[in-house]
$ cat model-v1.cif   # mmCIF, C-alpha atoms
data_run
#
loop_
_atom_site.label_atom_id
_atom_site.label_comp_id
_atom_site.auth_asym_id
_atom_site.auth_seq_id
_atom_site.Cartn_x
_atom_site.Cartn_y
_atom_site.Cartn_z
CA MET A 1108 0.00 0.00 0.00
CA ALA A 1109 2.82 2.36 0.90
CA ILE A 1110 4.29 2.06 -2.58
CA PHE A 1111 1.08 3.44 -4.13
CA ILE A 1112 1.29 6.57 -2.00
CA GLU A 1113 5.00 6.94 -2.77
CA LEU A 1114 4.38 6.49 -6.51
CA PHE A 1115 1.59 9.06 -6.43
CA TYR A 1116 3.73 11.56 -4.51
CA SER A 1117 6.80 10.99 -6.73
CA PHE A 1118 4.92 11.33 -10.01
CA PHE A 1119 2.96 14.33 -8.79
CA LYS A 1120 6.32 15.99 -8.07
CA ILE A 1121 7.63 14.84 -11.46
CA GLY A 1122 4.61 16.37 -13.19
CA LEU A 1123 5.00 19.59 -11.24
CA PHE A 1124 8.73 20.13 -11.73
CA SER A 1125 9.37 18.89 -15.28
CA PHE A 1126 9.85 21.55 -17.89
CA GLY A 1127 10.79 21.23 -21.54
CA GLY A 1128 8.85 18.15 -22.62
CA GLY A 1129 9.63 14.46 -22.37
CA TYR A 1130 13.41 14.70 -22.40
CA GLY A 1131 13.53 17.27 -19.62
CA MET A 1132 11.17 15.01 -17.69
CA LEU A 1133 13.44 11.97 -18.01
CA SER A 1134 16.11 13.46 -15.74
CA VAL A 1135 13.49 14.21 -13.07
CA ILE A 1136 12.00 10.70 -13.32
CA GLN A 1137 15.51 9.21 -13.17
CA GLY A 1138 16.31 11.25 -10.05
CA GLU A 1139 13.15 10.06 -8.29
CA VAL A 1140 12.88 6.40 -9.27
CA VAL A 1141 16.52 5.30 -9.73
CA THR A 1142 18.57 7.58 -7.45
CA ARG A 1143 16.11 8.39 -4.67
CA HIS A 1144 13.80 5.40 -4.31
CA ALA A 1145 15.95 2.73 -6.03
CA TRP A 1146 12.79 1.16 -7.49
CA MET A 1147 14.96 -0.03 -10.39
CA ASN A 1148 18.54 0.16 -11.67
CA MET A 1149 19.89 2.33 -14.50
CA SER A 1150 19.70 -0.39 -17.16
CA GLU A 1151 16.07 -1.23 -16.35
CA PHE A 1152 15.31 2.49 -16.58
CA THR A 1153 17.07 2.74 -19.95
CA ASP A 1154 15.04 -0.23 -21.26
CA ILE A 1155 11.84 1.51 -20.19
CA VAL A 1156 12.91 4.70 -21.97
CA ALA A 1157 13.70 2.65 -25.11
CA VAL A 1158 10.25 1.05 -25.09
CA SER A 1159 8.60 4.42 -24.33
CA GLN A 1160 10.28 5.98 -27.34
CA MET A 1161 9.25 3.18 -29.69
CA THR A 1162 5.61 2.96 -28.63
CA PRO A 1163 2.99 5.58 -29.52
CA GLY A 1164 2.09 8.44 -27.23
CA PRO A 1165 3.87 11.08 -25.15
CA ILE A 1166 7.18 9.78 -23.72
CA GLY A 1167 6.38 11.22 -20.28
CA ILE A 1168 3.11 9.27 -20.03
CA ASN A 1169 4.62 6.08 -21.46
CA THR A 1170 7.53 6.23 -19.02
CA ALA A 1171 5.27 7.01 -16.05
CA THR A 1172 2.97 4.08 -16.88
CA TYR A 1173 5.85 1.66 -17.34
CA VAL A 1174 7.85 2.85 -14.31
CA GLY A 1175 4.75 2.54 -12.11
CA TYR A 1176 4.28 -1.03 -13.27
CA THR A 1177 7.94 -2.04 -12.84
CA ALA A 1178 8.33 -0.37 -9.44
CA VAL A 1179 5.47 -2.44 -7.99
CA ILE A 1180 6.75 -5.69 -9.58
CA ASN A 1181 10.28 -5.02 -8.24
CA SER A 1182 8.86 -4.41 -4.76
CA GLY A 1183 7.28 -7.86 -4.85
CA GLY A 1184 3.74 -6.84 -5.86
CA SER A 1185 1.42 -8.90 -8.07
CA GLN A 1186 0.62 -8.03 -11.69
CA VAL A 1187 -2.80 -6.67 -10.73
CA MET A 1188 -1.15 -4.38 -8.17
CA ALA A 1189 1.40 -3.40 -10.80
CA VAL A 1190 -1.38 -2.36 -13.21
CA LEU A 1191 -2.85 -0.25 -10.40
CA GLY A 1192 0.61 1.25 -9.79
CA SER A 1193 0.91 2.21 -13.45
CA LEU A 1194 -2.53 3.86 -13.48
CA ILE A 1195 -1.72 5.81 -10.31
CA SER A 1196 1.62 7.00 -11.76
CA SER A 1197 0.18 8.19 -15.07
CA PHE A 1198 -2.74 9.89 -13.32
CA ALA A 1199 -0.41 11.59 -10.80
CA VAL A 1200 1.97 12.86 -13.49
CA MET A 1201 -0.97 14.55 -15.29
CA LEU A 1202 -2.62 16.07 -12.24
CA PRO A 1203 -0.34 19.12 -11.72
CA SER A 1204 -0.53 19.91 -15.46
CA PHE A 1205 -4.27 19.80 -15.22
CA ILE A 1206 -4.53 22.24 -12.37
CA LEU A 1207 -1.79 24.54 -13.68
CA MET A 1208 -2.88 24.51 -17.34
CA LEU A 1209 -6.41 25.53 -16.38
CA LEU A 1210 -5.04 28.47 -14.40
CA ILE A 1211 -2.30 29.32 -16.88
CA SER A 1212 -4.54 29.25 -19.96
CA ARG A 1213 -6.62 31.95 -18.29
CA PHE A 1214 -3.73 34.20 -17.30
CA PHE A 1215 -0.82 33.52 -19.65
CA MET A 1216 -2.24 35.38 -22.65
CA LYS A 1217 -2.51 38.45 -20.46
CA TYR A 1218 0.96 38.29 -18.88
CA CYS A 1219 3.25 36.40 -21.28
CA LYS A 1220 4.75 39.67 -22.53
CA HIS A 1221 5.31 40.93 -18.98
CA PRO A 1222 9.05 41.61 -18.53
CA ARG A 1223 9.24 39.74 -15.20
CA VAL A 1224 7.71 36.61 -16.76
CA GLU A 1225 10.11 36.88 -19.70
CA VAL A 1226 13.11 37.10 -17.32
CA LEU A 1227 11.89 34.04 -15.40
CA PHE A 1228 11.73 31.99 -18.59
CA SER A 1229 15.11 33.31 -19.78
CA VAL A 1230 16.56 31.58 -16.69
CA LEU A 1231 14.37 28.44 -16.84
CA ARG A 1232 15.11 27.56 -20.48
CA PRO A 1233 18.94 27.27 -20.09
CA THR A 1234 18.35 25.20 -16.93
CA VAL A 1235 16.31 22.72 -18.94
CA VAL A 1236 19.30 22.32 -21.30
CA GLY A 1237 21.43 21.33 -18.28
CA LEU A 1238 18.76 18.88 -17.12
CA ILE A 1239 18.63 17.08 -20.45
CA ALA A 1240 22.44 16.96 -20.59
CA SER A 1241 22.58 15.46 -17.08
CA ALA A 1242 20.08 12.72 -18.04
CA ALA A 1243 22.31 11.74 -20.98
CA LEU A 1244 25.53 11.92 -18.91
CA LEU A 1245 24.11 9.78 -16.08
CA LEU A 1246 23.13 7.07 -18.57
CA MET A 1247 26.67 6.88 -19.99
CA ASN A 1248 27.67 4.15 -17.55
CA SER A 1249 28.89 0.54 -17.53
CA GLU A 1250 25.31 -0.83 -17.31
CA ASN A 1251 24.49 0.67 -20.71
CA PHE A 1252 27.89 0.58 -22.45
CA GLY A 1253 29.87 -2.23 -20.79
CA LEU A 1254 33.30 -1.73 -19.22
CA PRO A 1255 36.32 -1.30 -21.54
CA THR A 1256 38.47 -3.37 -19.13
CA ILE A 1257 36.05 -6.31 -18.66
CA ASN A 1258 34.14 -6.31 -21.93
CA PRO A 1259 36.09 -4.35 -24.57
CA ILE A 1260 33.99 -5.71 -27.47
CA GLN A 1261 30.66 -4.65 -25.94
CA PHE A 1262 32.19 -1.27 -25.10
CA ILE A 1263 33.40 -0.65 -28.66
CA VAL A 1264 30.07 -1.82 -30.19
CA SER A 1265 28.13 0.40 -27.76
CA VAL A 1266 30.19 3.50 -28.46
CA THR A 1267 29.85 2.87 -32.22
CA LEU A 1268 26.05 2.54 -31.94
CA PHE A 1269 25.94 5.70 -29.81
CA VAL A 1270 27.91 7.73 -32.37
CA PHE A 1271 25.93 6.22 -35.27
CA THR A 1272 22.57 7.10 -33.67
CA PHE A 1273 23.69 10.58 -32.66
CA ILE A 1274 24.91 11.48 -36.15
CA ALA A 1275 21.98 9.78 -37.95
CA VAL A 1276 19.33 11.60 -35.91
CA LYS A 1277 21.09 14.92 -35.35
CA LYS A 1278 22.85 15.50 -38.68
CA TYR A 1279 20.85 13.46 -41.18
CA LYS A 1280 17.42 13.77 -39.48
CA PHE A 1281 16.82 10.02 -39.61
CA SER A 1282 13.65 8.82 -37.93
CA PRO A 1283 14.53 8.03 -34.28
CA ILE A 1284 12.25 4.99 -34.34
CA LEU A 1285 13.84 3.47 -37.44
CA THR A 1286 17.29 4.18 -35.99
CA LEU A 1287 16.34 2.45 -32.73
CA ILE A 1288 14.97 -0.55 -34.64
CA ALA A 1289 18.23 -0.70 -36.66
CA CYS A 1290 20.33 -0.68 -33.46
CA GLY A 1291 18.14 -3.39 -31.93
CA VAL A 1292 18.56 -5.58 -35.02
CA LEU A 1293 22.32 -4.92 -35.10
CA GLY A 1294 22.54 -5.84 -31.39
CA ALA A 1295 20.60 -9.09 -31.93
CA LEU A 1296 22.78 -10.04 -34.94
CA PHE A 1297 26.15 -9.09 -33.47
CA TYR A 1298 25.72 -10.46 -29.96
CA GLY A 1299 23.94 -13.51 -31.45
CA LEU A 1300 26.96 -14.28 -33.64
CA PHE A 1301 29.58 -13.30 -31.07
CA PRO A 1302 28.18 -14.07 -27.62
CA ILE A 1303 30.08 -12.05 -25.04
CA ASN A 1304 29.09 -13.92 -21.91
CA MET B 51 -19.65 29.05 -32.18
CA GLN B 52 -21.14 25.61 -32.49
CA LYS B 53 -20.77 23.45 -29.39
CA ILE B 54 -18.32 20.64 -29.98
CA ASN B 55 -19.30 17.14 -28.98
CA LEU B 56 -17.26 15.82 -26.01
CA PHE B 57 -17.02 12.41 -27.64
CA LYS B 58 -15.57 14.00 -30.78
CA LEU B 59 -12.89 15.70 -28.61
CA PHE B 60 -12.11 12.36 -26.99
CA THR B 61 -11.79 10.47 -30.30
CA THR B 62 -9.69 13.21 -31.94
CA PHE B 63 -7.14 13.18 -29.11
CA PHE B 64 -7.27 9.39 -28.83
CA LYS B 65 -6.26 9.21 -32.50
CA LEU B 66 -3.45 11.74 -31.93
CA GLY B 67 -2.14 9.73 -28.98
CA LEU B 68 -2.31 6.51 -30.97
CA PHE B 69 -0.46 7.74 -34.04
CA THR B 70 2.31 9.83 -32.50
CA ILE B 71 5.57 8.03 -31.93
CA GLY B 72 8.61 9.76 -30.46
CA GLY B 73 7.05 12.12 -27.95
CA GLY B 74 5.29 15.45 -27.77
CA TYR B 75 7.26 17.34 -30.39
CA ALA B 76 6.43 14.69 -32.99
CA MET B 77 2.77 15.30 -32.16
CA ILE B 78 2.85 18.97 -33.23
CA PRO B 79 2.34 18.47 -37.00
CA LEU B 80 -0.51 15.99 -36.38
CA ILE B 81 -2.30 18.33 -33.99
CA GLU B 82 -1.82 21.15 -36.46
CA ARG B 83 -3.49 19.15 -39.23
CA ASP B 84 -6.40 17.79 -37.16
CA VAL B 85 -7.13 20.64 -34.79
CA VAL B 86 -6.14 23.75 -36.77
CA GLU B 87 -6.66 22.86 -40.42
CA GLN B 88 -9.45 20.25 -40.45
CA ASN B 89 -11.60 21.14 -37.44
CA ARG B 90 -10.60 24.81 -37.13
CA TRP B 91 -10.89 24.59 -33.35
CA VAL B 92 -8.09 27.11 -32.86
CA SER B 93 -6.57 29.65 -35.25
CA LYS B 94 -2.96 29.43 -36.46
CA GLU B 95 -1.91 32.33 -34.21
CA GLU B 96 -3.61 30.79 -31.19
CA PHE B 97 -1.81 27.54 -31.91
CA VAL B 98 1.63 29.19 -31.75
CA ASP B 99 0.74 30.88 -28.44
CA LEU B 100 -0.54 27.55 -27.21
CA LEU B 101 2.78 25.87 -28.03
CA ALA B 102 4.62 28.52 -26.01
CA ILE B 103 2.31 27.98 -23.04
CA ALA B 104 2.50 24.19 -23.21
CA GLN B 105 6.27 24.37 -23.50
CA SER B 106 6.81 26.74 -20.62
CA SER B 107 4.38 24.96 -18.29
CA PRO B 108 5.49 21.93 -16.31
CA GLY B 109 4.27 18.47 -17.23
CA VAL B 110 3.82 16.44 -20.37
CA PHE B 111 3.89 18.65 -23.46
CA ALA B 112 1.23 16.83 -25.51
CA VAL B 113 -1.10 16.48 -22.52
CA ASN B 114 -0.77 20.21 -21.82
CA ILE B 115 -1.85 20.96 -25.39
CA SER B 116 -4.87 18.65 -25.15
CA ILE B 117 -5.93 20.19 -21.81
CA PHE B 118 -5.71 23.69 -23.26
CA ILE B 119 -7.70 22.92 -26.43
CA GLY B 120 -10.30 20.89 -24.52
CA TYR B 121 -10.71 23.72 -22.01
CA LYS B 122 -11.01 26.36 -24.73
CA LEU B 123 -13.74 24.42 -26.57
CA ARG B 124 -15.81 22.89 -23.75
CA GLY B 125 -14.44 24.11 -20.39
CA ILE B 126 -13.34 21.68 -17.69
CA PRO B 127 -15.30 18.65 -19.02
CA GLY B 128 -13.70 19.29 -22.43
CA SER B 129 -10.21 19.33 -20.93
CA ILE B 130 -10.87 16.06 -19.08
CA PHE B 131 -12.17 14.28 -22.20
CA SER B 132 -9.34 15.43 -24.45
CA ALA B 133 -6.59 14.68 -21.88
CA ILE B 134 -7.91 11.19 -21.13
CA GLY B 135 -8.35 10.51 -24.84
CA ASN B 136 -4.77 11.62 -25.41
CA VAL B 137 -3.16 9.30 -22.81
CA LEU B 138 -5.42 6.25 -23.05
CA PRO B 139 -3.63 4.64 -26.05
CA SER B 140 -0.27 5.04 -24.25
CA VAL B 141 -1.53 3.44 -21.06
CA ILE B 142 -3.14 0.48 -22.86
CA ILE B 143 -0.14 -0.18 -25.12
CA ILE B 144 2.48 0.19 -22.37
CA LEU B 145 0.57 -2.13 -20.04
CA PHE B 146 0.40 -4.69 -22.81
CA VAL B 147 4.14 -4.37 -23.49
CA ALA B 148 4.98 -4.48 -19.76
CA LEU B 149 3.04 -7.71 -19.22
CA PHE B 150 4.73 -9.23 -22.25
CA PHE B 151 8.24 -7.83 -21.81
CA ASN B 152 8.87 -8.74 -18.16
CA SER B 153 8.32 -12.42 -18.95
CA PHE B 154 10.68 -12.23 -21.95
CA ARG B 155 13.36 -10.20 -20.21
CA ASP B 156 15.67 -13.15 -19.62
CA ASN B 157 15.41 -14.34 -23.20
CA ALA B 158 18.87 -14.22 -24.87
CA ILE B 159 17.65 -12.57 -28.09
CA VAL B 160 15.67 -9.90 -26.23
CA ASN B 161 18.74 -9.30 -24.09
CA ASN B 162 20.93 -8.89 -27.20
CA ILE B 163 18.45 -6.49 -28.79
CA PHE B 164 18.49 -4.33 -25.68
CA MET B 165 22.29 -4.35 -25.51
CA GLY B 166 22.17 -2.73 -28.95
CA LEU B 167 19.32 -0.39 -28.01
CA ARG B 168 20.72 1.09 -24.78
CA PRO B 169 23.59 3.14 -26.27
CA ALA B 170 21.22 4.33 -29.03
CA VAL B 171 18.69 5.55 -26.43
CA VAL B 172 21.43 7.50 -24.65
CA ALA B 173 22.31 9.13 -28.00
CA LEU B 174 18.63 10.04 -28.55
CA ILE B 175 18.55 11.76 -25.17
CA ALA B 176 21.85 13.56 -25.87
CA ALA B 177 20.76 14.85 -29.29
CA PRO B 178 18.06 17.33 -28.15
CA VAL B 179 20.58 19.00 -25.78
CA PHE B 180 21.83 21.03 -28.73
CA SER B 181 18.49 21.83 -30.37
CA VAL B 182 17.00 22.88 -27.02
CA ALA B 183 20.15 24.95 -26.40
CA LYS B 184 19.40 26.84 -29.61
CA THR B 185 15.78 27.54 -28.56
CA ALA B 186 16.99 28.60 -25.11
CA LYS B 187 19.38 31.09 -26.79
CA ILE B 188 22.50 29.79 -25.05
CA SER B 189 25.36 32.31 -25.28
CA TRP B 190 28.63 33.06 -23.45
CA THR B 191 26.69 34.99 -20.82
CA ASN B 192 24.29 32.20 -19.81
CA VAL B 193 26.13 29.00 -20.74
CA TRP B 194 27.14 28.64 -17.06
CA ILE B 195 23.50 27.87 -16.18
CA PRO B 196 23.22 24.51 -18.06
CA ILE B 197 26.83 23.56 -17.14
CA LEU B 198 26.30 24.27 -13.45
CA SER B 199 22.90 22.49 -13.37
CA ALA B 200 24.29 19.39 -15.10
CA LEU B 201 27.35 19.39 -12.80
CA LEU B 202 25.25 19.65 -9.63
CA ILE B 203 23.06 16.74 -10.78
CA VAL B 204 25.79 14.44 -12.14
CA ALA B 205 28.71 15.12 -9.78
CA PHE B 206 26.86 15.95 -6.56
CA GLY B 207 23.71 13.86 -7.00
CA ILE B 208 21.39 16.80 -6.38
CA SER B 209 17.78 16.16 -7.45
CA PRO B 210 16.73 17.97 -10.68
CA ILE B 211 13.65 19.16 -8.76
CA TYR B 212 15.85 21.39 -6.55
CA ILE B 213 17.66 22.69 -9.63
CA ILE B 214 14.35 23.77 -11.19
CA LEU B 215 13.24 25.37 -7.89
CA LEU B 216 16.56 27.20 -7.69
CA ALA B 217 16.13 28.44 -11.27
CA VAL B 218 12.60 29.69 -10.53
CA ILE B 219 13.80 31.57 -7.43
CA GLY B 220 16.81 32.91 -9.36
CA GLY B 221 14.57 34.03 -12.23
CA ILE B 222 12.17 35.85 -9.90
CA LEU B 223 15.02 37.59 -8.01
CA TRP B 224 16.78 38.54 -11.24
CA GLY B 225 13.50 40.06 -12.53
CA LYS B 226 13.22 42.07 -9.30
CA ILE B 227 16.73 43.53 -9.60
CA ASN B 228 16.27 44.59 -13.22
#
$ encode --input "model-v1.cif" --output "structure tokens"
Amino acid sequence: MAIFIELFYSFFKIGLFSFGGGYGMLSVIQGEVVTRHAWMNMSEFTDIVAVSQMTPGPIGINTATYVGYTAVINSGGSQVMAVLGSLISSFAVMLPSFILMLLISRFFMKYCKHPRVEVLFSVLRPTVVGLIASAALLLMNSENFGLPTINPIQFIVSVTLFVFTFIAVKKYKFSPILTLIACGVLGALFYGLFPIN
Amino acid sequence: MQKINLFKLFTTFFKLGLFTIGGGYAMIPLIERDVVEQNRWVSKEEFVDLLAIAQSSPGVFAVNISIFIGYKLRGIPGSIFSAIGNVLPSVIIILFVALFFNSFRDNAIVNNIFMGLRPAVVALIAAPVFSVAKTAKISWTNVWIPILSALLIVAFGISPIYIILLAVIGGILWGKIN
């Protein structure tokens, strides 16, 4: 029972303090569920983000639903309880938006050109850049890339896939979903042919 | 203006949620086509303002847009119907995947696929750093803000929530001085 309250509280906070869309939200979710509550480890979190990016819908909602489910399962809950956990998390992440958007839609039009509001956002926007960068930096770890000393092949393959994806999406505007599918297929082929364990 | 059916709001946003892959920003062109061009629920100018509001408000970008449009057309019931319509496909699909994936997690092929996927996901998260930096107008005078925030989170393990709070307080104080 306690986990439901914790999930609700965590995702309410996540909904309240995430700016800048799904990617800005990932660092806040990571901070709450991996670092603070240890409901899952970094590689489980990365898997959830991968699935959330490949399935339809907003990444924030997908991640909240999936994290809620996994957190309950990892705490020893049943699948029915896990479904409840996922519903609570996705509801809680929307709730602050709901309250704030209703208020903001009434007042923003009136005050968005107010100098004080403009200054506030001129500080918030660069902060969001730092948040997204931190999410990426925290995920560059041995769980996601392997260790060069223990598993040099996995490390080299991982760094190659990272660089390939970054350039494909950033420079050549490849579809992120097709790029992810390609990396998944490459992973299955390579590690299938050359098992590393 | 003609009163818009709540069910129509629900189905429109359900469809948007179902057919958008890759997050809120990928949803923008679809919303533009359905909501602005076909249904004419909001004007083009209103839509741009709406993007600014949804972007600068906390929470899920796409959900913020659906709440705003629903509220504009049919008040609070409208916002509830469009928001629930928007997230329902996600919730159903993710639950399906979660039930399926956790039992296949230890499968060798699934494991290999995810070993290939993980570095790619990290790259996808790293890529928007630079496009968002452009929108945020990062220059030599404010580049310390993202560097310091990332450093505090990565090196000192400070929660991003405190960083946002700090930025809000800093922004308000800075506005007061000027």
$ resolve_selection --input "model-v1.cif" --expression "the PyMOL selection byres ((chain A and resi 1291-1294) around 12)" --output "VMD selection string"
(chain A and resid 1154 1157 to 1158 1161 1261 1264 to 1265 1267 to 1268 1271 to 1272 1284 to 1290 1295 to 1303) or (chain B and resid 158 to 171)
$ interface_residues --input "model-v1.cif" --of "chain B" --to "chain A" --cutoff "6 Å" --atoms "only C-alpha atoms" --output "ChimeraX atom specification"
/B:67-68,70-74,105,108-111,140,159,162-163,166-173,175-176,179,183,186,195-197,199-200,204,209-211,217,221-222,225
$ write_last_selection --input "model-v1.cif" --atoms "C-alpha atoms" --output "compact mmCIF listing (two decimals), in the frame of the given file"
# COMPACT_ATOMS: atom_id res chain seq x y z
CA GLY B 67 -2.14 9.73 -28.98
CA LEU B 68 -2.31 6.51 -30.97
CA THR B 70 2.31 9.83 -32.50
CA ILE B 71 5.57 8.03 -31.93
CA GLY B 72 8.61 9.76 -30.46
CA GLY B 73 7.05 12.12 -27.95
CA GLY B 74 5.29 15.45 -27.77
CA GLN B 105 6.27 24.37 -23.50
CA PRO B 108 5.49 21.93 -16.31
CA GLY B 109 4.27 18.47 -17.23
CA VAL B 110 3.82 16.44 -20.37
CA PHE B 111 3.89 18.65 -23.46
CA SER B 140 -0.27 5.04 -24.25
CA ILE B 159 17.65 -12.57 -28.09
CA ASN B 162 20.93 -8.89 -27.20
CA ILE B 163 18.45 -6.49 -28.79
CA GLY B 166 22.17 -2.73 -28.95
CA LEU B 167 19.32 -0.39 -28.01
CA ARG B 168 20.72 1.09 -24.78
CA PRO B 169 23.59 3.14 -26.27
CA ALA B 170 21.22 4.33 -29.03
CA VAL B 171 18.69 5.55 -26.43
CA VAL B 172 21.43 7.50 -24.65
CA ALA B 173 22.31 9.13 -28.00
CA ILE B 175 18.55 11.76 -25.17
CA ALA B 176 21.85 13.56 -25.87
CA VAL B 179 20.58 19.00 -25.78
CA ALA B 183 20.15 24.95 -26.40
CA ALA B 186 16.99 28.60 -25.11
CA ILE B 195 23.50 27.87 -16.18
CA PRO B 196 23.22 24.51 -18.06
CA ILE B 197 26.83 23.56 -17.14
CA SER B 199 22.90 22.49 -13.37
CA ALA B 200 24.29 19.39 -15.10
CA VAL B 204 25.79 14.44 -12.14
CA SER B 209 17.78 16.16 -7.45
CA PRO B 210 16.73 17.97 -10.68
CA ILE B 211 13.65 19.16 -8.76
CA ALA B 217 16.13 28.44 -11.27
CA GLY B 221 14.57 34.03 -12.23
CA ILE B 222 12.17 35.85 -9.90
CA GLY B 225 13.50 40.06 -12.53
$ atom_distance --input "model-v1.cif" --atom1 "atom CA of B:Trp194" --atom2 "atom CA of B:Ile213"
13.4 Å
$ atom_distance --input "model-v1.cif" --atom1 "atom CA of B:Leu100" --atom2 "atom CA of B:Ser116"
10.1 Å
$ atom_distance --input "model-v1.cif" --atom1 "atom CA of A:Val1140" --atom2 "atom CA of A:Gly1184"
16.4 Å
$ resolve_selection --input "model-v1.cif" --expression "the PyMOL selection byres ((chain B and resi 131) around 12)" --output "ChimeraX atom specification"
/A:1205 /B:54-64,113,116-121,123-130,132-138
$ closest_residue --input "model-v1.cif" --among "A:Phe1118, A:Ser1249, A:Gly1175, A:Ile1257" --to "B:Ile144" --atoms "all atoms listed in the file"
A:Gly1175
$ axis_aligned_box --input "model-v1.cif" --around "stretch 1117-1124 of chain A" --padding-each-side "8 Å" --output "JSON"
{"center_x": 5.8, "center_y": 15.6, "center_z": -10.0, "size_x": 21.8, "size_y": 25.1, "size_z": 22.5}
$ resolve_selection --input "model-v1.cif" --expression "the PyMOL selection byres ((chain A and resi 1109) around 12)" --output "NGL selection string"
:A and (1108 or 1110-1116 or 1179 or 1182 or 1184 or 1188 or 1192)
$ decode --input "model-v1.cif" --residues "stretch 1161-1179 of chain A" --atoms "N, CA and C atoms" --output "compact mmCIF listing (two decimals), in the first residue's frame"
# COMPACT_ATOMS: atom_id res chain seq x y z
N MET A 1161 9.68 3.93 -28.51
CA MET A 1161 9.25 3.18 -29.69
C MET A 1161 7.75 2.98 -29.76
N THR A 1162 7.07 3.15 -28.63
CA THR A 1162 5.61 2.96 -28.63
C THR A 1162 4.92 4.31 -28.79
N PRO A 1163 3.68 4.31 -29.30
CA PRO A 1163 2.99 5.58 -29.52
C PRO A 1163 2.69 6.33 -28.23
N GLY A 1164 2.51 7.63 -28.36
CA GLY A 1164 2.09 8.44 -27.23
C GLY A 1164 3.21 9.27 -26.66
N PRO A 1165 2.86 10.22 -25.76
CA PRO A 1165 3.87 11.08 -25.15
C PRO A 1165 4.86 10.25 -24.32
N ILE A 1166 6.16 10.54 -24.44
CA ILE A 1166 7.18 9.78 -23.72
C ILE A 1166 6.97 9.86 -22.21
N GLY A 1167 6.58 11.05 -21.72
CA GLY A 1167 6.38 11.22 -20.28
C GLY A 1167 5.32 10.28 -19.74
N ILE A 1168 4.20 10.14 -20.47
CA ILE A 1168 3.11 9.27 -20.03
C ILE A 1168 3.53 7.80 -20.15
N ASN A 1169 4.15 7.46 -21.27
CA ASN A 1169 4.62 6.08 -21.46
C ASN A 1169 5.56 5.67 -20.34
N THR A 1170 6.54 6.55 -20.05
CA THR A 1170 7.53 6.23 -19.02
C THR A 1170 6.86 6.12 -17.65
N ALA A 1171 5.96 7.04 -17.34
CA ALA A 1171 5.27 7.01 -16.05
C ALA A 1171 4.49 5.71 -15.89
N THR A 1172 3.76 5.31 -16.93
CA THR A 1172 2.97 4.08 -16.88
C THR A 1172 3.87 2.88 -16.64
N TYR A 1173 4.96 2.82 -17.40
CA TYR A 1173 5.85 1.66 -17.34
C TYR A 1173 6.63 1.62 -16.02
N VAL A 1174 7.11 2.79 -15.58
CA VAL A 1174 7.85 2.85 -14.31
C VAL A 1174 6.95 2.44 -13.15
N GLY A 1175 5.69 2.90 -13.17
CA GLY A 1175 4.75 2.54 -12.11
C GLY A 1175 4.57 1.03 -12.04
N TYR A 1176 4.44 0.42 -13.20
CA TYR A 1176 4.28 -1.03 -13.27
C TYR A 1176 5.51 -1.75 -12.70
N THR A 1177 6.70 -1.37 -13.22
CA THR A 1177 7.94 -2.04 -12.84
C THR A 1177 8.27 -1.85 -11.36
N ALA A 1178 8.02 -0.64 -10.85
CA ALA A 1178 8.33 -0.37 -9.44
C ALA A 1178 7.57 -1.32 -8.53
N VAL A 1179 6.28 -1.55 -8.83
CA VAL A 1179 5.47 -2.44 -7.99
C VAL A 1179 5.96 -3.89 -8.12
